[in-house]
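Enquirer: So I've got this file, upload.csv, and it contains CSV, C-alpha atoms:
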chain,number,residue,atom,x,y,z
A,251,MET,CA,-22.8,-35.3,5.4
A,252,THR,CA,-21.9,-35.4,1.7
A,253,THR,CA,-19.0,-33.5,0.2
A,254,ALA,CA,-21.5,-31.0,-1.3
A,255,ASP,CA,-22.7,-30.3,2.2
A,256,ALA,CA,-19.3,-29.9,3.9
A,257,THR,CA,-18.3,-26.8,5.7
A,258,ALA,CA,-14.8,-25.2,5.4
A,259,HIS,CA,-13.5,-24.6,8.9
A,260,VAL,CA,-11.0,-21.8,9.2
A,261,PRO,CA,-9.3,-21.4,12.6
A,262,MET,CA,-10.4,-18.2,14.4
A,263,LYS,CA,-8.9,-16.4,17.4
A,264,TRP,CA,-9.7,-13.2,19.2
A,265,VAL,CA,-6.8,-10.8,19.6
A,266,GLY,CA,-6.4,-7.6,21.5
A,267,PRO,CA,-7.9,-5.7,23.0
A,268,LEU,CA,-7.0,-2.6,20.9
A,269,ARG,CA,-7.9,0.9,21.8
A,270,ILE,CA,-9.7,3.0,19.2
A,271,SER,CA,-11.0,6.6,19.0
A,272,GLY,CA,-12.4,8.8,16.3
A,273,ASN,CA,-15.6,10.0,14.7
A,274,VAL,CA,-17.4,6.7,14.5
A,275,ALA,CA,-16.0,4.4,17.2
A,276,ASN,CA,-14.5,4.9,20.6
A,277,GLY,CA,-13.3,2.4,23.3
A,278,GLU,CA,-11.5,-0.9,23.6
A,279,THR,CA,-12.4,-4.1,21.9
A,280,GLN,CA,-11.0,-7.4,20.9
A,281,VAL,CA,-11.2,-8.5,17.3
A,282,PRO,CA,-11.7,-11.9,15.7
A,283,LEU,CA,-9.4,-13.1,12.9
A,284,ALA,CA,-10.1,-16.3,10.9
A,285,THR,CA,-6.9,-17.5,9.2
A,286,TYR,CA,-4.7,-20.4,8.4
A,287,GLU,CA,-1.6,-18.1,8.9
A,288,SER,CA,-1.1,-18.6,12.6
A,289,PRO,CA,1.6,-15.9,13.0
A,290,LEU,CA,-1.0,-13.3,12.1
A,291,TRP,CA,-2.6,-13.5,15.5
A,292,PRO,CA,0.4,-12.6,17.6
A,293,SER,CA,1.5,-10.1,15.0
A,294,VAL,CA,-1.8,-8.2,15.2
A,295,ALA,CA,-1.8,-8.6,19.0
A,296,ARG,CA,1.6,-6.9,19.2
A,297,GLY,CA,0.2,-3.8,17.4
A,298,ALA,CA,-2.9,-3.9,19.5
A,299,LYS,CA,-0.8,-3.8,22.7
A,300,LEU,CA,0.9,-0.6,21.4
A,301,SER,CA,-2.6,1.0,20.9
A,302,MET,CA,-3.4,0.3,24.6
A,303,MET,CA,-0.2,2.1,25.7
A,304,THR,CA,-1.4,5.5,24.3
A,305,ASP,CA,-4.2,7.7,25.5
A,306,ARG,CA,-6.1,7.9,22.3
A,307,GLY,CA,-5.0,4.6,20.8
A,308,ILE,CA,-5.7,4.3,17.1
A,309,VAL,CA,-7.5,7.3,15.8
A,310,ALA,CA,-9.9,6.1,13.1
A,311,THR,CA,-11.5,8.8,10.9
A,312,LEU,CA,-14.3,7.8,8.5
A,313,ILE,CA,-13.8,10.1,5.5
A,314,ASP,CA,-16.5,8.9,3.1
A,315,GLU,CA,-18.8,6.0,2.3
A,316,ARG,CA,-20.5,4.9,-0.9
A,317,MET,CA,-21.3,1.6,-2.6
A,318,THR,CA,-21.1,1.8,-6.4
A,319,ARG,CA,-22.5,-0.1,-9.4
A,320,SER,CA,-21.8,0.7,-13.0
A,321,VAL,CA,-23.9,0.0,-16.1
A,322,TYR,CA,-23.5,0.9,-19.7
A,323,ALA,CA,-25.7,1.8,-22.6
A,324,LYS,CA,-25.1,1.9,-26.4
A,325,ALA,CA,-25.7,4.7,-28.7
A,326,GLU,CA,-25.4,5.3,-32.5
A,327,ASP,CA,-22.4,7.5,-32.0
A,328,ALA,CA,-20.5,9.5,-29.4
A,329,GLN,CA,-22.5,12.7,-30.0
A,330,THR,CA,-25.8,10.8,-29.2
A,331,ALA,CA,-24.2,9.3,-26.1
A,332,HIS,CA,-23.0,12.7,-24.9
A,333,ALA,CA,-26.5,14.2,-25.3
A,334,ALA,CA,-28.0,11.3,-23.3
A,335,ALA,CA,-25.4,11.8,-20.6
A,336,LEU,CA,-26.2,15.5,-20.3
A,337,GLU,CA,-29.9,14.7,-20.0
A,338,ILE,CA,-29.2,12.1,-17.3
A,339,ASP,CA,-27.1,14.6,-15.4
A,340,ALA,CA,-30.0,17.0,-15.3
A,341,ARG,CA,-32.3,14.4,-13.7
A,342,LEU,CA,-30.6,13.6,-10.4
A,343,ASP,CA,-33.7,14.3,-8.3
A,344,GLU,CA,-35.8,12.1,-10.6
A,345,LEU,CA,-33.3,9.3,-10.3
A,346,ARG,CA,-33.2,9.6,-6.6
A,347,ALA,CA,-36.9,9.1,-6.4
A,348,ILE,CA,-36.6,5.9,-8.5
A,349,VAL,CA,-34.0,4.5,-6.1
A,350,ARG,CA,-36.2,5.2,-3.0
A,351,THR,CA,-38.7,2.8,-4.4
A,352,CYS,CA,-36.1,0.0,-4.2
A,353,GLY,CA,-35.7,-0.1,-0.4
A,354,ARG,CA,-35.8,1.8,2.8
A,355,PHE,CA,-32.0,2.1,3.3
A,356,VAL,CA,-30.7,2.7,-0.2
A,357,GLU,CA,-30.1,6.3,-1.4
A,358,LEU,CA,-28.6,7.6,-4.6
A,359,ILE,CA,-25.9,10.2,-3.6
A,360,GLY,CA,-24.4,10.8,-7.0
A,361,PHE,CA,-23.2,9.3,-10.3
A,362,ARG,CA,-20.5,9.8,-12.9
A,363,HIS,CA,-20.5,9.1,-16.6
A,364,GLU,CA,-17.8,8.3,-19.1
A,365,ILE,CA,-18.0,8.0,-22.9
A,366,THR,CA,-15.8,5.7,-25.0
A,367,ALA,CA,-16.7,5.5,-28.7
A,368,ASN,CA,-20.5,5.1,-28.8
A,369,LEU,CA,-20.7,3.6,-25.3
A,370,LEU,CA,-22.0,5.5,-22.3
A,371,PHE,CA,-20.8,4.2,-18.9
A,372,LEU,CA,-22.6,5.3,-15.7
A,373,ARG,CA,-21.2,4.7,-12.2
A,374,PHE,CA,-24.0,5.1,-9.6
A,375,GLU,CA,-23.0,5.8,-6.0
A,376,PHE,CA,-25.3,4.8,-3.1
A,377,THR,CA,-25.5,4.8,0.7
A,378,THR,CA,-26.9,1.4,1.9
A,379,GLY,CA,-27.3,1.7,5.7
A,380,ASP,CA,-25.7,-1.2,7.7
A,381,ALA,CA,-25.5,-3.5,4.6
A,382,SER,CA,-22.3,-3.6,2.5
A,383,GLY,CA,-24.7,-2.9,-0.3
A,384,HIS,CA,-23.8,-5.1,-3.2
A,385,ASN,CA,-27.4,-6.4,-3.8
A,386,MET,CA,-29.0,-3.1,-2.9
A,387,ALA,CA,-26.8,-1.3,-5.4
A,388,THR,CA,-27.4,-3.8,-8.2
A,389,LEU,CA,-31.2,-3.7,-7.6
A,390,ALA,CA,-31.2,0.1,-7.7
A,391,ALA,CA,-28.9,0.3,-10.7
A,392,ASP,CA,-31.3,-2.1,-12.6
A,393,ALA,CA,-34.3,0.1,-11.8
A,394,LEU,CA,-32.3,3.2,-12.9
A,395,LEU,CA,-31.1,1.7,-16.1
A,396,SER,CA,-34.7,0.5,-17.0
A,397,HIS,CA,-36.0,4.0,-16.3
A,398,ILE,CA,-33.2,5.7,-18.3
A,399,LEU,CA,-33.7,3.5,-21.3
A,400,LYS,CA,-37.5,4.3,-21.3
A,401,THR,CA,-37.1,8.0,-20.9
A,402,ILE,CA,-33.8,9.0,-22.6
A,403,PRO,CA,-33.8,8.8,-26.4
A,404,GLY,CA,-31.0,7.4,-28.5
A,405,ILE,CA,-29.6,4.7,-26.2
A,406,THR,CA,-30.2,1.0,-25.8
A,407,TYR,CA,-29.3,-1.7,-23.3
A,408,GLY,CA,-25.6,-2.6,-22.9
A,409,SER,CA,-25.2,-4.4,-19.5
A,410,ILE,CA,-26.3,-4.2,-15.9
A,411,SER,CA,-22.6,-4.6,-15.0
A,412,ALA,CA,-20.0,-2.5,-16.8
A,413,ASN,CA,-16.7,-3.0,-14.8
A,414,TYR,CA,-16.6,0.7,-14.0
A,415,CYS,CA,-17.7,0.2,-10.4
A,416,THR,CA,-15.2,-1.6,-9.8
A,417,ASP,CA,-16.3,-4.7,-7.9
A,418,LYS,CA,-13.6,-7.1,-6.7
A,419,LYS,CA,-10.9,-5.7,-8.9
A,420,ALA,CA,-7.9,-3.5,-8.1
A,421,THR,CA,-8.4,-0.3,-10.2
A,422,ALA,CA,-7.4,3.3,-10.1
A,423,ILE,CA,-11.0,4.6,-10.0
A,424,ASN,CA,-11.7,2.9,-6.7
A,425,GLY,CA,-8.5,4.3,-5.2
A,426,ILE,CA,-9.4,7.8,-6.4
A,427,LEU,CA,-13.2,7.9,-5.8
A,428,GLY,CA,-13.6,5.2,-3.2
A,429,ARG,CA,-15.9,2.2,-2.9
A,430,GLY,CA,-17.3,1.2,0.4
A,431,LYS,CA,-16.0,3.0,3.5
A,432,ASN,CA,-12.9,5.3,3.3
A,433,VAL,CA,-11.1,5.1,6.7
A,434,VAL,CA,-7.9,6.7,7.8
A,435,THR,CA,-6.2,5.3,10.9
A,436,GLU,CA,-3.4,7.0,12.8
A,437,LEU,CA,-1.2,6.0,15.8
A,438,LEU,CA,1.5,8.0,17.5
A,439,VAL,CA,3.9,5.7,19.4
A,440,PRO,CA,6.4,7.3,21.9
A,441,GLY,CA,10.0,6.5,21.0
A,442,ASP,CA,10.7,4.5,24.1
A,443,ILE,CA,7.8,2.2,23.3
A,444,VAL,CA,9.0,1.8,19.8
A,445,ARG,CA,12.4,0.8,21.1
A,446,SER,CA,11.2,-1.5,23.9
A,447,ARG,CA,8.2,-3.2,22.3
A,448,LEU,CA,9.2,-3.2,18.6
A,449,ARG,CA,13.0,-3.4,19.1
A,450,THR,CA,13.5,-0.8,16.4
A,451,SER,CA,13.3,3.0,15.9
A,452,ALA,CA,10.9,5.4,14.2
A,453,THR,CA,13.6,6.3,11.7
A,454,ALA,CA,14.1,2.7,10.7
A,455,ILE,CA,10.4,2.1,10.2
A,456,ALA,CA,9.9,5.3,8.3
A,457,GLU,CA,12.8,4.5,6.0
A,458,LEU,CA,11.7,1.0,5.3
A,459,ASN,CA,8.2,2.2,4.5
A,460,VAL,CA,9.6,4.6,1.8
A,461,HIS,CA,11.9,2.0,0.3
A,462,LYS,CA,9.6,-1.0,0.5
A,463,ASN,CA,6.0,0.2,0.4
A,464,LEU,CA,6.5,3.3,-1.7
A,465,ILE,CA,9.4,2.7,-4.1
A,466,GLY,CA,9.1,-1.1,-4.2
A,467,THR,CA,5.4,-0.8,-5.0
A,468,LEU,CA,6.1,1.8,-7.7
A,469,LEU,CA,8.6,-0.4,-9.3
A,470,ALA,CA,6.1,-3.3,-9.3
A,471,GLY,CA,3.4,-1.2,-10.9
A,472,GLY,CA,1.0,-1.1,-8.0
A,473,ILE,CA,-2.3,0.6,-8.5
A,474,ARG,CA,-3.2,3.4,-6.0
A,475,SER,CA,-1.6,1.3,-3.3
A,476,ALA,CA,1.5,1.2,-1.1
A,477,ASN,CA,1.4,-1.2,1.8
A,478,ALA,CA,2.9,-4.4,3.1
A,479,HIS,CA,0.0,-6.7,3.7
A,480,TYR,CA,-3.4,-5.2,4.3
A,481,ALA,CA,-5.0,-8.2,2.6
A,482,ASN,CA,-3.8,-10.5,5.4
A,483,MET,CA,-5.7,-8.7,8.2
A,484,LEU,CA,-8.7,-7.9,6.0
A,485,LEU,CA,-9.2,-11.5,4.9
A,486,GLY,CA,-9.1,-12.7,8.5
A,487,PHE,CA,-11.5,-10.0,9.7
A,488,TYR,CA,-13.8,-10.5,6.7
A,489,LEU,CA,-14.1,-14.3,7.2
A,490,ALA,CA,-14.8,-13.8,11.0
A,491,THR,CA,-17.5,-11.2,10.4
A,492,GLY,CA,-19.5,-12.6,7.5
A,493,GLN,CA,-18.2,-10.3,4.7
A,494,ASP,CA,-17.7,-11.1,1.1
A,495,ALA,CA,-14.1,-12.2,1.2
A,496,ALA,CA,-13.5,-11.4,-2.5
A,497,ASN,CA,-13.8,-7.7,-1.6
A,498,ILE,CA,-10.3,-7.8,-0.1
A,499,VAL,CA,-9.1,-7.3,-3.7
A,500,GLU,CA,-10.1,-3.7,-3.7
A,501,GLY,CA,-10.1,-3.5,0.1
A,502,SER,CA,-6.4,-4.1,0.2
A,503,GLN,CA,-5.7,-1.0,-1.9
A,504,GLY,CA,-4.3,1.6,0.5
A,505,VAL,CA,-1.4,3.7,1.6
A,506,THR,CA,0.9,3.3,4.7
A,507,VAL,CA,2.6,6.4,6.0
A,508,ALA,CA,5.3,6.4,8.6
A,509,GLU,CA,7.2,9.5,10.0
A,510,ASP,CA,9.9,10.0,12.6
A,511,ARG,CA,8.6,12.8,14.8
A,512,ASP,CA,11.5,13.6,17.1
A,513,GLY,CA,12.0,10.0,17.9
A,514,ASP,CA,8.3,9.2,18.2
A,515,LEU,CA,6.6,7.2,15.4
A,516,TYR,CA,3.6,8.5,13.5
A,517,PHE,CA,2.0,5.6,11.7
A,518,SER,CA,-1.0,5.8,9.5
A,519,CYS,CA,-3.0,3.4,7.2
A,520,THR,CA,-5.5,4.8,4.7
A,521,LEU,CA,-8.1,2.4,3.3
A,522,PRO,CA,-10.4,3.9,0.7
A,523,ASN,CA,-12.3,0.7,-0.2
A,524,LEU,CA,-13.4,-1.0,3.0
A,525,ILE,CA,-16.6,-3.0,2.0
A,526,VAL,CA,-18.2,-4.2,5.2
A,527,GLY,CA,-21.7,-4.6,6.6
A,528,THR,CA,-23.4,-5.8,9.8
A,529,VAL,CA,-26.6,-7.1,8.1
A,530,GLY,CA,-27.1,-9.1,4.9
A,531,SER,CA,-25.5,-12.2,3.4
A,532,GLY,CA,-23.4,-14.2,5.9
A,533,LYS,CA,-24.6,-12.2,8.9
A,534,GLY,CA,-27.2,-14.8,10.0
A,535,LEU,CA,-24.6,-17.4,11.0
A,536,ASP,CA,-24.4,-17.9,14.7
A,537,PHE,CA,-20.7,-17.3,15.1
A,538,VAL,CA,-20.9,-14.1,12.9
A,539,GLU,CA,-23.8,-12.7,15.0
A,540,GLU,CA,-21.8,-13.5,18.2
A,541,ASN,CA,-18.6,-11.8,16.8
A,542,LEU,CA,-20.4,-8.7,15.7
A,543,ALA,CA,-22.2,-8.4,19.0
A,544,ARG,CA,-19.0,-8.8,21.0
A,545,MET,CA,-17.5,-5.9,19.1
A,546,GLY,CA,-20.5,-3.7,19.8
A,547,CYS,CA,-21.6,-3.7,16.1
A,548,ARG,CA,-25.2,-5.0,16.7
A,549,GLN,CA,-26.4,-2.3,19.0
A,550,PRO,CA,-29.7,-0.4,18.4
A,551,ARG,CA,-28.3,2.6,16.5
A,552,GLU,CA,-29.3,4.8,13.6
A,553,PRO,CA,-29.0,3.0,10.2
A,554,GLY,CA,-25.4,2.8,9.1
A,555,GLU,CA,-23.7,3.5,12.4
A,556,ASN,CA,-23.0,-0.2,13.2
A,557,ALA,CA,-21.4,-0.7,9.8
A,558,ARG,CA,-19.3,2.5,10.3
A,559,ARG,CA,-18.1,1.2,13.6
A,560,LEU,CA,-17.2,-2.1,12.1
A,561,ALA,CA,-15.2,-0.4,9.3
A,562,ALA,CA,-13.3,1.6,11.9
A,563,ILE,CA,-12.4,-1.5,13.8
A,564,ALA,CA,-11.4,-3.3,10.6
A,565,ALA,CA,-9.1,-0.5,9.7
A,566,ALA,CA,-7.6,-0.3,13.1
A,567,THR,CA,-6.9,-4.1,12.9
A,568,VAL,CA,-5.1,-3.5,9.6
A,569,LEU,CA,-2.9,-0.9,11.2
A,570,CYS,CA,-1.9,-3.2,14.1
A,571,GLY,CA,-0.7,-5.9,11.7
A,572,GLU,CA,0.9,-3.5,9.3
A,573,LEU,CA,3.0,-1.8,12.0
A,574,SER,CA,4.0,-5.1,13.6
A,575,LEU,CA,5.2,-6.6,10.3
A,576,LEU,CA,7.2,-3.5,9.2
A,577,ALA,CA,8.9,-3.3,12.6
A,578,ALA,CA,9.9,-7.0,12.3
A,579,GLN,CA,11.3,-6.4,8.8
A,580,THR,CA,13.7,-3.6,10.1
A,581,ASN,CA,15.6,-6.3,11.9
A,582,PRO,CA,17.5,-8.9,9.9
A,583,GLY,CA,16.2,-12.4,10.3
A,584,GLU,CA,13.4,-11.5,12.8
A,585,LEU,CA,10.5,-12.1,10.4
A,586,MET,CA,11.6,-15.6,9.5
A,587,ARG,CA,12.6,-16.6,13.0
A,588,THR,CA,9.2,-15.6,14.3
A,589,HIS,CA,7.3,-17.4,11.6
A,590,VAL,CA,9.2,-20.6,12.1
A,591,ARG,CA,8.9,-20.5,15.9
A,592,LEU,CA,5.2,-19.8,15.8
A,593,GLU,CA,4.3,-22.3,13.1
A,594,ARG,CA,6.3,-25.0,14.9
A,595,GLN,CA,4.5,-24.2,18.1
A,596,ALA,CA,1.2,-24.5,16.3
A,597,ASP,CA,2.2,-27.9,14.8
A,598,ALA,CA,3.3,-29.2,18.2
A,599,ALA,CA,0.0,-28.1,19.7
A,600,LYS,CA,-1.9,-30.1,17.0
A,601,VAL,CA,0.2,-33.2,17.7
A,602,GLY,CA,-0.2,-32.9,21.4
A,603,GLY,CA,-4.0,-32.5,21.0
For the file at hand, write its structure as structure tokens.
Expert:
Amino acid sequence: MTTADATAHVPMKWVGPLRISGNVANGETQVPLATYESPLWPSVARGAKLSMMTDRGIVATLIDERMTRSVYAKAEDAQTAHAAALEIDARLDELRAIVRTCGRFVELIGFRHEITANLLFLRFEFTTGDASGHNMATLAADALLSHILKTIPGITYGSISANYCTDKKATAINGILGRGKNVVTELLVPGDIVRSRLRTSATAIAELNVHKNLIGTLLAGGIRSANAHYANMLLGFYLATGQDAANIVEGSQGVTVAEDRDGDLYFSCTLPNLIVGTVGSGKGLDFVEENLARMGCRQPREPGENARRLAAIAAATVLCGELSLLAAQTNPGELMRTHVRLERQADAAKVGG
């Protein structure tokens, strides 16, 4: 095998099971995480154990779903661009018909426009079945732009990609309008379990979340985001399930909320930009097919339902790791001690092997 043909092997382990309920997924499942950061596996596993100790487990609610692609056109001036935008707005049904010619599973559900100087930006929003939808959205946007330029006077081609989507970049527009699946996860942990399993209290976690995730992120200039490490769990999950790993950039935008409810801990993670699919690029690999099937995401269901289930499981996995990390950080020295111990154990296992 030449260097050009080499494969990058990332260690993968199954953790859990975790218990999940909600409007798109119910039951118990283990989850695969591919990562070089070995302490991530036991950390997520600790959160998963907590979910198994409550009746409903992690409640995952799918709020919205849409894949976006933006284009831009040029006009002589802003007035001409505005007139074109109004004309496009009036042709939604016509544009939907154009998109339906691009594939069986892609549907235009809306679009937004913005004008800067003489430039007209259009942000198209699609549903894409069980695919994450990057290629579907681009194909449909290309057809829409070609049709618009032929039928709307006063504008000319700018680009098929306009950075107003926004793909693989952390932006306010994604946090506000969403890109991919918008999932809210919630877990209510009884106080005695918080004390015995996490060795902390609901009050300590809630206070840390405000000081670290909210105030700390504000001071750092975070964009529509306030969390400890969503990206860690998402990257591990994305690599194990054949997703485009670069989408953790917008995917890791999200907000953690923690409340002390009379000693019990209410813990929630909101992820408005989960971009996942169960078909498409990367899904034909044997290990990916096996992983998706093991999580029940390759079942004969209506188009889109497998991807929604996968998004809910991904979001629940994020909550498990987020809660475990914050709990550790309420106790001085615990985080570093755990990292050192687990990494030394991993190194010893390699030597022994």
Enquirer: Give me, as a list in words, all polymer residues having an atom no more than 6 Å from stretch 435-441 of chain A, counting all atoms listed in the file and skipping those fewer than 2 positions away in the same chain.
Expert: Ile308, Val309, Ala310, Ile443, Val444, Gly513, Asp514, Leu515, Tyr516, Phe517, Ser518 and Cys519 of chain A
Enquirer: Quick one: which stretch 491-526 of chain A residues come within 12 Å of stretch 550-573 of chain A, and what is the nearest atom pair for each with the distance in Å to one decimal, counting all atoms listed in the file, rows ordered by chain and ascending number, as CSV?
Expert:
residue,atom,partner,partner_atom,distance
A:Thr491,CA,A:Leu560,CA,9.3
A:Gly492,CA,A:Leu560,CA,11.7
A:Gln493,CA,A:Leu560,CA,11.1
A:Ile498,CA,A:Ala564,CA,11.7
A:Gly501,CA,A:Ala565,CA,10.1
A:Ser502,CA,A:Val568,CA,9.5
A:Gln503,CA,A:Val568,CA,11.8
A:Gly504,CA,A:Val568,CA,10.5
A:Val505,CA,A:Leu569,CA,10.8
A:Thr506,CA,A:Glu572,CA,8.2
A:Val507,CA,A:Leu573,CA,10.2
A:Ala508,CA,A:Leu573,CA,9.2
A:Leu515,CA,A:Leu573,CA,10.3
A:Tyr516,CA,A:Leu573,CA,10.4
A:Phe517,CA,A:Leu573,CA,7.5
A:Ser518,CA,A:Leu569,CA,7.2
A:Cys519,CA,A:Leu569,CA,5.9
A:Thr520,CA,A:Ala565,CA,8.1
A:Leu521,CA,A:Ala565,CA,7.1
A:Pro522,CA,A:Ala565,CA,10.1
A:Asn523,CA,A:Ala561,CA,10.0
A:Leu524,CA,A:Ala561,CA,6.6
A:Ile525,CA,A:Ala561,CA,7.9
A:Val526,CA,A:Ala561,CA,6.3
Enquirer: Find the residues near A:Asn385: any atom within 10 Å, counting only C-alpha atoms, skip ones fewer than 4 places away on the same chain, and give them as a PyMOL selection string.
Expert: chain A and resi 319+378+381+389-391+530-531
Enquirer: For a test of reading the model, state the distance in Å between atom CA of A:Val538 and atom CA of A:Val265, rounded to one decimal.
Expert: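 Between atom CA of A:Val538 and atom CA of A:Val265 the gap works out to 16.0 Å.
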Enquirer: Residues of stretch 489-595 of chain A within 7 Å of stretch 456-470 of chain A: nearest atom pair and distance (Å, one decimal) for each, counting all atoms listed in the file, sorted by chain and number, as a tab-separated table?
Expert:
residue	atom	partner	partner_atom	distance
A:Ala508	CA	A:Ala456	CA	4.7
A:Glu509	CA	A:Ala456	CA	5.3
A:Asp510	CA	A:Ala456	CA	6.4
A:Thr580	CA	A:Leu458	CA	6.9
Enquirer: Using all atoms listed in the file, determine which residues lie at most 10 Å from A:Arg447, disregarding the query and same-chain residues fewer than 4 positions distant; provide the list as a list in words.
Expert: Arg296, Gly297, Lys299, Leu300, Gly441, Asp442, Ile443, Ser574 and Ala577 of chain A
Enquirer: Choose the residue, out of A:Ala331, A:Met386, A:Cys352, A:Leu342, that has the smallest atom-to-atom separation from A:Phe371; count only C-alpha atoms.
Expert: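 Of all the options, A:Ala331 lies closest to A:Phe371.
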Enquirer: Nearest to A:His479 among A:Lys324, A:Pro282, A:Val294, A:Ile270, with distances taken over only C-alpha atoms: which residue is it?
Expert: A:Val294
Enquirer: So how many Å separate atom CA of A:Lys263 and atom CA of A:Asp536, to one decimal?
Expert: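 Going from atom CA of A:Lys263 over to atom CA of A:Asp536, I get 15.8 Å.
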Enquirer: Please check which residues have atoms at most 6 Å from (-21.4, 8.4, -22.7) in the file's coordinates, counting only C-alpha atoms, and write them as a list in words.
Expert: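 The residues near that point, listed by chain and number, are Ala331, His332, Ala335, Glu364, Ile365, Leu369, Leu370 and Phe371 of chain A.
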Enquirer: Could you check how far atom CA of A:Ile348 sits from atom CA of A:Ser382, in Å to one decimal?
Expert: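 Taking atom CA of A:Ile348 as the start and atom CA of A:Ser382 as the end point, the length is 20.4 Å.
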Enquirer: Please identify all polymer residues within 7 Å of A:Arg362, counting all atoms listed in the file, omitting same-chain residues fewer than 5 positions from it, and present them as a short mmCIF file (atom, residue, chain, number, x, y, z; two decimals) with C-alpha atoms, in the frame of the given file.
Expert:
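As a result, around.cif now contains:
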data_model
loop_
_atom_site.label_atom_id
_atom_site.label_comp_id
_atom_site.auth_asym_id
_atom_site.auth_seq_id
_atom_site.Cartn_x
_atom_site.Cartn_y
_atom_site.Cartn_z
CA LEU A 372 -22.60 5.30 -15.70
CA ARG A 373 -21.20 4.70 -12.20
CA PHE A 374 -24.00 5.10 -9.60
#
Enquirer: Point out the residue among A:Asn541, A:Ser288, A:Ser409, A:Asn482 with the least atom-to-atom distance to A:Ala323, counting all atoms listed in the file.
Expert: A:Ser409
Enquirer: Pick from A:Cys415, A:Arg544, A:Pro267, A:Thr377: nearest to A:Gly527, with only C-alpha atoms counted?
Expert: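 Nearest to A:Gly527: A:Thr377.
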Enquirer: Counting all atoms listed in the file, find the residues whose atoms lie at most 10 Å from (-25.6, -6.1, -23.5) (file coordinates) and write them out as a PyMOL selection string.
Expert: chain A and resi 321-324+406-412
Enquirer: Take the residues just selected and output them with C-alpha atoms as a CSV table (one decimal), in the frame of the given file.
Expert:
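Output saved as selection-v6.csv:
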chain,number,residue,atom,x,y,z
A,321,VAL,CA,-23.9,0.0,-16.1
A,322,TYR,CA,-23.5,0.9,-19.7
A,323,ALA,CA,-25.7,1.8,-22.6
A,324,LYS,CA,-25.1,1.9,-26.4
A,406,THR,CA,-30.2,1.0,-25.8
A,407,TYR,CA,-29.3,-1.7,-23.3
A,408,GLY,CA,-25.6,-2.6,-22.9
A,409,SER,CA,-25.2,-4.4,-19.5
A,410,ILE,CA,-26.3,-4.2,-15.9
A,411,SER,CA,-22.6,-4.6,-15.0
A,412,ALA,CA,-20.0,-2.5,-16.8
Enquirer: Tell me which of A:Lys533, A:Arg445, A:Arg306, A:Arg350 sits closest to A:Asn276, counting all atoms listed in the file.
Expert: A:Arg306
Enquirer: From the set A:Ala476, A:Ala496, A:Leu268, A:Val274, which residue has the shortest atom-to-atom contact distance to A:Lys418, counting only C-alpha atoms?
Expert: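 Closest candidate: A:Ala496.
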Enquirer: Quick one: residues within 10 Å of A:Leu345, only C-alpha atoms, excluding same-chain residues fewer than 3 positions away - as a list in words?
Expert: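 Once the adjacent positions are removed, what remains is Ile338, Asp339, Ala340, Arg341, Leu342, Ile348, Val349, Arg350, Glu357, Leu358, Gly360, Ala390, Ala393, Leu394, Leu395, His397 and Ile398 of chain A.
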Enquirer: The selected residues should be written to file as a PDB file, keeping the file's coordinate frame (atoms: C-alpha atoms).
Expert:
ATOM      1  CA  ILE A 338     -29.200  12.100 -17.300  1.00  0.00           C
ATOM      2  CA  ASP A 339     -27.100  14.600 -15.400  1.00  0.00           C
ATOM      3  CA  ALA A 340     -30.000  17.000 -15.300  1.00  0.00           C
ATOM      4  CA  ARG A 341     -32.300  14.400 -13.700  1.00  0.00           C
ATOM      5  CA  LEU A 342     -30.600  13.600 -10.400  1.00  0.00           C
ATOM      6  CA  ILE A 348     -36.600   5.900  -8.500  1.00  0.00           C
ATOM      7  CA  VAL A 349     -34.000   4.500  -6.100  1.00  0.00           C
ATOM      8  CA  ARG A 350     -36.200   5.200  -3.000  1.00  0.00           C
ATOM      9  CA  GLU A 357     -30.100   6.300  -1.400  1.00  0.00           C
ATOM     10  CA  LEU A 358     -28.600   7.600  -4.600  1.00  0.00           C
ATOM     11  CA  GLY A 360     -24.400  10.800  -7.000  1.00  0.00           C
ATOM     12  CA  ALA A 390     -31.200   0.100  -7.700  1.00  0.00           C
ATOM     13  CA  ALA A 393     -34.300   0.100 -11.800  1.00  0.00           C
ATOM     14  CA  LEU A 394     -32.300   3.200 -12.900  1.00  0.00           C
ATOM     15  CA  LEU A 395     -31.100   1.700 -16.100  1.00  0.00           C
ATOM     16  CA  HIS A 397     -36.000   4.000 -16.300  1.00  0.00           C
ATOM     17  CA  ILE A 398     -33.200   5.700 -18.300  1.00  0.00           C
TER      18      ILE A 398
END
